[in-house]
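Chemist: Just one file: final_18.csv, with CSV, C-alpha atoms and all ligand atoms.
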chain,number,residue,atom,x,y,z
O,694,MET,CA,0.0,0.0,0.0
O,695,ALA,CA,1.3,3.5,-0.9
O,696,VAL,CA,2.3,5.6,2.1
O,697,GLU,CA,0.0,8.6,2.5
O,698,PRO,CA,1.7,12.0,2.3
O,699,ILE,CA,2.1,14.0,5.6
O,700,LEU,CA,1.4,17.1,3.7
O,701,SER,CA,-0.1,17.8,0.3
O,702,LEU,CA,-0.5,21.2,-1.4
O,703,LYS,CA,-3.1,21.0,-4.1
O,704,ASN,CA,-3.3,23.7,-6.8
O,705,ILE,CA,-2.2,26.5,-4.4
O,706,ASN,CA,-2.6,30.1,-5.6
O,707,LYS,CA,-1.7,33.1,-3.6
O,708,SER,CA,-2.2,36.6,-5.0
O,709,TYR,CA,-1.9,40.1,-3.5
O,710,GLN,CA,-3.9,43.0,-4.7
O,711,ILE,CA,-2.0,46.2,-4.3
O,712,GLY,CA,-4.0,49.2,-5.6
O,713,GLY,CA,-4.7,48.3,-9.2
O,714,GLN,CA,-1.9,45.8,-9.4
O,715,LYS,CA,-2.4,42.1,-8.8
O,716,ILE,CA,0.7,40.1,-7.8
O,717,GLU,CA,0.5,36.4,-8.3
O,718,ALA,CA,3.0,35.1,-5.8
O,719,LEU,CA,2.1,31.4,-6.2
O,720,LYS,CA,0.6,29.9,-9.3
O,721,ASN,CA,-1.0,26.4,-9.2
O,722,VAL,CA,1.6,24.9,-6.8
O,723,SER,CA,1.1,21.3,-5.9
O,724,ILE,CA,3.4,19.0,-3.9
O,725,ASP,CA,3.2,15.8,-1.9
O,726,ILE,CA,5.5,15.4,1.1
O,727,HIS,CA,5.9,11.9,2.6
O,728,PRO,CA,7.1,10.9,6.0
O,729,GLY,CA,10.9,10.9,6.2
O,730,ASP,CA,11.3,13.0,3.1
O,731,PHE,CA,14.1,15.5,2.9
O,732,ILE,CA,13.2,18.1,0.3
O,733,SER,CA,14.4,21.5,-0.6
O,734,ILE,CA,12.7,24.3,-2.4
O,735,VAL,CA,15.1,26.6,-4.2
O,736,GLY,CA,14.6,29.8,-6.1
O,737,LYS,CA,15.8,33.3,-6.6
O,738,SER,CA,14.7,36.3,-4.6
O,739,GLY,CA,11.1,37.1,-5.2
O,740,SER,CA,10.3,33.7,-6.7
O,741,GLY,CA,7.7,32.9,-3.9
O,742,LYS,CA,9.7,30.8,-1.4
O,743,SER,CA,8.7,32.6,1.7
O,744,THR,CA,5.1,32.8,0.6
O,745,LEU,CA,5.2,29.1,0.0
O,746,MET,CA,6.9,28.5,3.3
O,747,HIS,CA,4.2,30.5,5.2
O,748,ILE,CA,1.5,28.4,3.6
O,749,ILE,CA,3.3,25.1,4.3
O,750,GLY,CA,3.9,26.3,7.8
O,751,LEU,CA,0.2,27.3,8.3
O,752,LEU,CA,1.3,30.9,9.0
O,753,ASP,CA,-0.8,32.1,6.0
O,754,THR,CA,-3.7,30.9,4.0
O,755,PRO,CA,-3.8,30.5,0.2
O,756,THR,CA,-6.1,32.5,-2.1
O,757,SER,CA,-7.3,29.2,-3.5
O,758,GLY,CA,-6.2,25.5,-3.3
O,759,GLN,CA,-6.0,23.0,-0.5
O,760,VAL,CA,-3.5,22.3,2.2
O,761,ILE,CA,-3.9,18.7,3.4
O,762,LEU,CA,-2.0,17.9,6.6
O,763,ASN,CA,-2.1,14.3,7.9
O,764,GLY,CA,-5.2,13.7,5.7
O,765,LYS,CA,-7.1,16.8,6.9
O,766,ASP,CA,-7.9,19.9,4.8
O,767,VAL,CA,-6.6,22.6,7.1
O,768,SER,CA,-6.8,25.4,4.5
O,769,LYS,CA,-10.1,26.7,6.0
O,770,TYR,CA,-9.4,26.3,9.7
O,771,PRO,CA,-9.9,29.4,11.8
O,772,GLU,CA,-6.6,30.9,13.1
O,773,GLU,CA,-7.1,29.7,16.6
O,774,HIS,CA,-7.3,26.1,15.5
O,775,LEU,CA,-4.5,26.6,13.0
O,776,ALA,CA,-2.2,27.9,15.8
O,777,LYS,CA,-2.8,24.6,17.7
O,778,VAL,CA,-2.1,22.4,14.7
O,779,ARG,CA,1.0,24.5,13.9
O,780,ASN,CA,2.4,24.2,17.4
O,781,SER,CA,2.1,20.5,17.4
O,782,GLU,CA,2.8,19.5,13.8
O,783,ILE,CA,5.4,22.0,12.5
O,784,GLY,CA,8.9,22.9,13.8
O,785,PHE,CA,10.3,26.1,12.4
O,786,VAL,CA,13.9,27.1,12.0
O,787,PHE,CA,14.5,30.6,10.7
O,788,GLN,CA,17.5,32.4,9.2
O,789,ALA,CA,17.4,34.9,12.1
O,790,PHE,CA,17.1,32.1,14.8
O,791,ASN,CA,14.2,34.0,16.5
O,792,LEU,CA,15.1,33.1,20.0
O,793,LEU,CA,14.3,35.1,23.1
O,794,SER,CA,17.7,36.8,23.7
O,795,ARG,CA,17.3,37.1,27.5
O,796,ALA,CA,15.9,33.7,28.1
O,797,THR,CA,18.2,30.7,28.7
O,798,THR,CA,18.8,27.9,26.3
O,799,LEU,CA,16.6,25.6,28.3
O,800,GLU,CA,13.8,28.3,28.6
O,801,ASN,CA,13.9,28.8,24.8
O,802,VAL,CA,13.5,25.1,24.1
O,803,MET,CA,10.7,24.7,26.7
O,804,LEU,CA,8.7,27.5,25.2
O,805,PRO,CA,6.6,25.5,22.6
O,806,LEU,CA,5.8,23.0,25.4
O,807,GLN,CA,3.8,25.7,27.2
O,808,TYR,CA,1.3,25.7,24.4
O,809,SER,CA,1.1,21.9,24.1
O,810,ASN,CA,-0.7,19.2,26.1
O,811,THR,CA,2.6,18.1,27.7
O,812,PRO,CA,2.3,18.1,31.5
O,813,LYS,CA,4.6,20.7,33.1
O,814,LYS,CA,6.5,18.2,35.1
O,815,ASN,CA,7.9,16.8,31.8
O,816,TRP,CA,8.9,20.0,30.1
O,817,GLU,CA,12.5,20.1,31.4
O,818,ARG,CA,13.2,16.5,30.7
O,819,LYS,CA,11.9,16.8,27.1
O,820,ALA,CA,13.8,20.0,26.5
O,821,MET,CA,17.0,18.4,27.8
O,822,GLU,CA,16.6,15.4,25.5
O,823,MET,CA,16.4,17.8,22.5
O,824,LEU,CA,19.4,19.7,23.7
O,825,LYS,CA,21.4,16.5,24.0
O,826,LEU,CA,20.5,15.7,20.4
O,827,VAL,CA,22.1,19.0,19.2
O,828,ASP,CA,25.1,18.7,21.6
O,829,LEU,CA,24.2,21.7,23.8
O,830,GLN,CA,23.8,20.0,27.2
O,831,GLU,CA,26.7,22.1,28.5
O,832,ARG,CA,25.0,25.4,27.6
O,833,VAL,CA,21.5,25.0,29.0
O,834,ASN,CA,21.8,27.9,31.5
O,835,ASN,CA,23.3,30.4,29.2
O,836,LYS,CA,21.2,33.2,27.7
O,837,SER,CA,21.0,33.1,24.0
O,838,ASN,CA,22.9,36.4,23.6
O,839,GLU,CA,25.8,34.6,25.2
O,840,LEU,CA,25.9,31.9,22.5
O,841,SER,CA,27.6,31.7,19.1
O,842,GLY,CA,25.6,31.8,15.9
O,843,GLY,CA,25.9,28.1,15.4
O,844,GLN,CA,24.9,27.4,19.0
O,845,ARG,CA,21.9,29.7,18.6
O,846,GLN,CA,20.8,27.9,15.5
O,847,ARG,CA,21.2,24.6,17.4
O,848,VAL,CA,18.9,25.9,20.1
O,849,ALA,CA,16.4,26.9,17.5
O,850,ILE,CA,16.6,23.3,16.1
O,851,ALA,CA,16.1,21.8,19.5
O,852,ARG,CA,13.1,24.2,20.0
O,853,ALA,CA,11.7,23.2,16.6
O,854,LEU,CA,11.9,19.5,17.7
O,855,VAL,CA,10.6,19.6,21.2
O,856,ASN,CA,6.9,19.0,20.4
O,857,ASP,CA,7.9,16.1,18.1
O,858,PRO,CA,6.4,17.8,15.0
O,859,SER,CA,5.7,15.8,11.8
O,860,ILE,CA,7.6,18.4,9.7
O,861,ILE,CA,10.6,20.5,10.3
O,862,LEU,CA,10.5,23.7,8.1
O,863,ALA,CA,13.8,25.5,7.7
O,864,ASP,CA,14.0,28.9,5.9
O,865,GLU,CA,17.6,29.8,5.0
O,866,PRO,CA,18.8,28.2,8.2
O,867,THR,CA,22.4,28.9,7.4
O,868,GLY,CA,22.0,32.4,6.0
O,869,ASN,CA,23.5,34.1,9.0
O,870,LEU,CA,26.3,31.6,9.6
O,871,ASP,CA,29.8,31.3,8.3
O,872,SER,CA,30.3,28.4,5.9
O,873,LYS,CA,31.9,26.1,8.4
O,874,THR,CA,29.2,26.6,11.0
O,875,GLY,CA,26.6,26.4,8.3
O,876,SER,CA,27.8,23.0,7.3
O,877,GLU,CA,27.6,21.8,10.9
O,878,ILE,CA,24.0,22.9,11.0
O,879,ILE,CA,23.4,21.1,7.7
O,880,LYS,CA,24.9,18.0,9.1
O,881,LYS,CA,22.4,18.2,12.0
O,882,PHE,CA,19.5,18.3,9.5
O,883,ILE,CA,21.0,15.2,7.7
O,884,GLU,CA,21.2,13.4,11.1
O,885,LEU,CA,17.7,14.3,12.0
O,886,ASN,CA,16.4,13.1,8.6
O,887,LYS,CA,18.2,9.8,9.3
O,888,LEU,CA,16.3,9.6,12.5
O,889,GLY,CA,13.1,9.7,10.4
O,890,LYS,CA,12.3,13.4,10.6
O,891,THR,CA,10.6,15.0,7.6
O,892,ILE,CA,12.5,18.1,6.5
O,893,ILE,CA,11.7,20.9,4.2
O,894,LEU,CA,14.6,23.3,3.5
O,895,VAL,CA,13.9,26.6,1.7
O,896,THR,CA,16.9,28.4,0.2
O,897,HIS,CA,18.2,30.5,-2.6
O,898,ASP,CA,21.5,28.5,-2.6
O,899,ASN,CA,21.6,25.8,-5.3
O,900,ASP,CA,24.5,24.0,-3.7
O,901,LEU,CA,22.8,23.8,-0.3
O,902,ALA,CA,19.6,22.7,-1.9
O,903,LYS,CA,21.4,19.6,-3.3
O,904,ILE,CA,21.8,18.0,0.1
O,905,ALA,CA,18.1,17.1,0.0
O,906,ASP,CA,16.8,14.0,-1.6
O,907,LYS,CA,14.4,15.9,-3.8
O,908,VAL,CA,14.9,19.5,-5.1
O,909,PHE,CA,12.0,21.6,-6.2
O,910,VAL,CA,12.8,24.7,-8.2
O,911,ILE,CA,10.5,27.6,-7.9
O,912,LYS,CA,10.4,30.4,-10.5
O,913,ASP,CA,8.0,33.3,-10.7
O,914,GLY,CA,5.6,31.5,-8.3
O,915,GLU,CA,5.6,28.2,-10.1
O,916,PHE,CA,7.5,24.9,-9.8
O,917,VAL,CA,9.7,24.2,-12.8
O,918,LYS,CA,10.8,20.8,-13.8
Q,1,LIG,N1,2.5,41.0,1.6
Q,1,LIG,C1,2.7,41.1,0.3
Q,1,LIG,N2,2.1,42.0,-0.4
Q,1,LIG,C2,2.3,42.1,-1.7
Q,1,LIG,N3,3.2,41.4,-2.4
Q,1,LIG,C3,3.9,40.5,-1.7
Q,1,LIG,C4,3.7,40.3,-0.3
Q,1,LIG,N4,4.5,39.3,0.1
Q,1,LIG,C5,5.2,38.9,-1.0
Q,1,LIG,N5,4.8,39.6,-2.1
Q,1,LIG,C6,5.3,39.4,-3.5
Q,1,LIG,O1,5.3,38.1,-3.8
Q,1,LIG,C7,6.4,37.7,-4.6
Q,1,LIG,C8,7.1,36.5,-3.8
Q,1,LIG,O2,7.6,37.0,-2.6
Q,1,LIG,P1,8.4,36.0,-1.6
Q,1,LIG,O3,8.7,36.8,-0.3
Q,1,LIG,O4,7.7,34.8,-1.4
Q,1,LIG,O5,9.8,35.7,-2.3
Q,1,LIG,P2,11.1,34.9,-1.9
Q,1,LIG,O6,11.3,33.9,-2.9
Q,1,LIG,O7,10.9,34.5,-0.5
Q,1,LIG,O8,12.2,36.0,-2.0
Q,1,LIG,P3,13.6,36.2,-1.1
Q,1,LIG,O9,14.6,35.2,-1.5
Q,1,LIG,O10,14.0,37.6,-1.5
Q,1,LIG,O11,13.2,36.1,0.4
Q,1,LIG,C9,7.3,38.9,-4.7
Q,1,LIG,O12,7.0,39.5,-6.0
Q,1,LIG,C10,6.8,39.8,-3.6
Q,1,LIG,O13,7.0,41.2,-3.9
Q,2,MG,MG,12.0,35.0,1.3
Any chance you could put this one into structure tokens?

Modeler:
Amino acid sequence: MAVEPILSLKNINKSYQIGGQKIEALKNVSIDIHPGDFISIVGKSGSGKSTLMHIIGLLDTPTSGQVILNGKDVSKYPEEHLAKVRNSEIGFVFQAFNLLSRATTLENVMLPLQYSNTPKKNWERKAMEMLKLVDLQERVNNKSNELSGGQRQRVAIARALVNDPSIILADEPTGNLDSKTGSEIIKKFIELNKLGKTIILVTHDNDLAKIADKVFVIKDGEFVK
């Protein structure tokens, strides 16, 4: 029996109306993502990557088309419900890390658990497990502004993993790192994928995109073959 996709986008369109001008940021985009996939979406500036990432990550809704997550059409969910699904199903890793700078490593990683059904008594243990996975057990009590860029991004990865999401979504995760630190972060994604995590990497960098098993090229809001 064929494995069902974790996430399917079906004929997604996203347009913006600015005064008299209509901008079609995404045109008829369809994709199936299966459990354990490591895919990348690559394209030039303005091609629609962030727009697509926001739709995949349930941060924005399409103008038309369907977003099917774990077999359910979530495209018409109200925001309150979407926020819940997002918190449990999707782990985000951003270019700018997006950590709370005055919170400690441990506090940053525990944050998504506060909006989950995990009992409070388990928060610290869960966060520590994730920090072990990214080799940061020695830095749990440091504030994030005391960490290096690579360490901050590893905190962000641990935070993205803590609710055991079905999908990890990374938008230019090495964009603010030097190339050596960047390749350490990429190694982490490869390891996580080997552990069975589904990973979607969004980047403008063709070489980086190639580390994925499948590369989708987006141009002017459309996938090109
Ligand atoms: N809120 C918005 N209102 C109007 N147009 C928008 C909006 N967001 C994006 N666009 C337009 O949609 C197109 C795709 O933008 P998007 O941010 O997805 O590109 P991108 O591939 O992420 O680019 P970059 O690599 O520069 O981040 C662009 O033409 C952009 O100007
Ligand atoms: Mg972008």

Chemist: Rounded to one decimal, what separation in Å do you get between CA of Met823 (chain O) and CA of Ile860 (chain O)?

Modeler: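 Interatomic distance here is 15.5 Å.
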
Chemist: Please, what distance in Å, to one decimal, runs between CA of Lys890 (chain O) and CA of Gln807 (chain O)?

Modeler: 22.3 Å

Chemist: Here is a test: counting all atoms listed in the file, which residue of O:Asn899, O:Pro755, O:Thr811, O:Ser859 is nearest to Asn886 (chain O)?

Modeler: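 Of the candidates, the smallest distance to Asn886 (chain O) is held by O:Ser859.
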
Chemist: CA of Lys903 (chain O) and CA of Val735 (chain O) are how many Å apart?

Modeler: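 CA of Val735 (chain O) lies 9.5 Å from CA of Lys903 (chain O).
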
Chemist: Could I get the residue neighbourhood of ligand MG 2 (chain Q) at 10 Å, counting all atoms listed in the file, as JSON, numbers by chain?

Modeler: {"O": [736, 737, 738, 739, 740, 741, 742, 743, 744, 745, 746, 747, 788, 864, 865, 895, 896, 897]}

Chemist: Which one is closest to ligand LIG 1 (chain Q): O:Asp828, O:Glu884, O:Glu800, O:Asp913? Count all atoms listed in the file.

Modeler: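 Closest to ligand LIG 1 (chain Q), using all atoms listed in the file: O:Asp913.
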
Chemist: Which residue out of O:Gly875, O:Pro805, O:Gly868, O:Pro858 has the minimum interatomic distance to ligand LIG 1 (chain Q) when all atoms listed in the file are used?

Modeler: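 Looking only at the distances to ligand LIG 1 (chain Q), the closest residue turns out to be O:Gly868.
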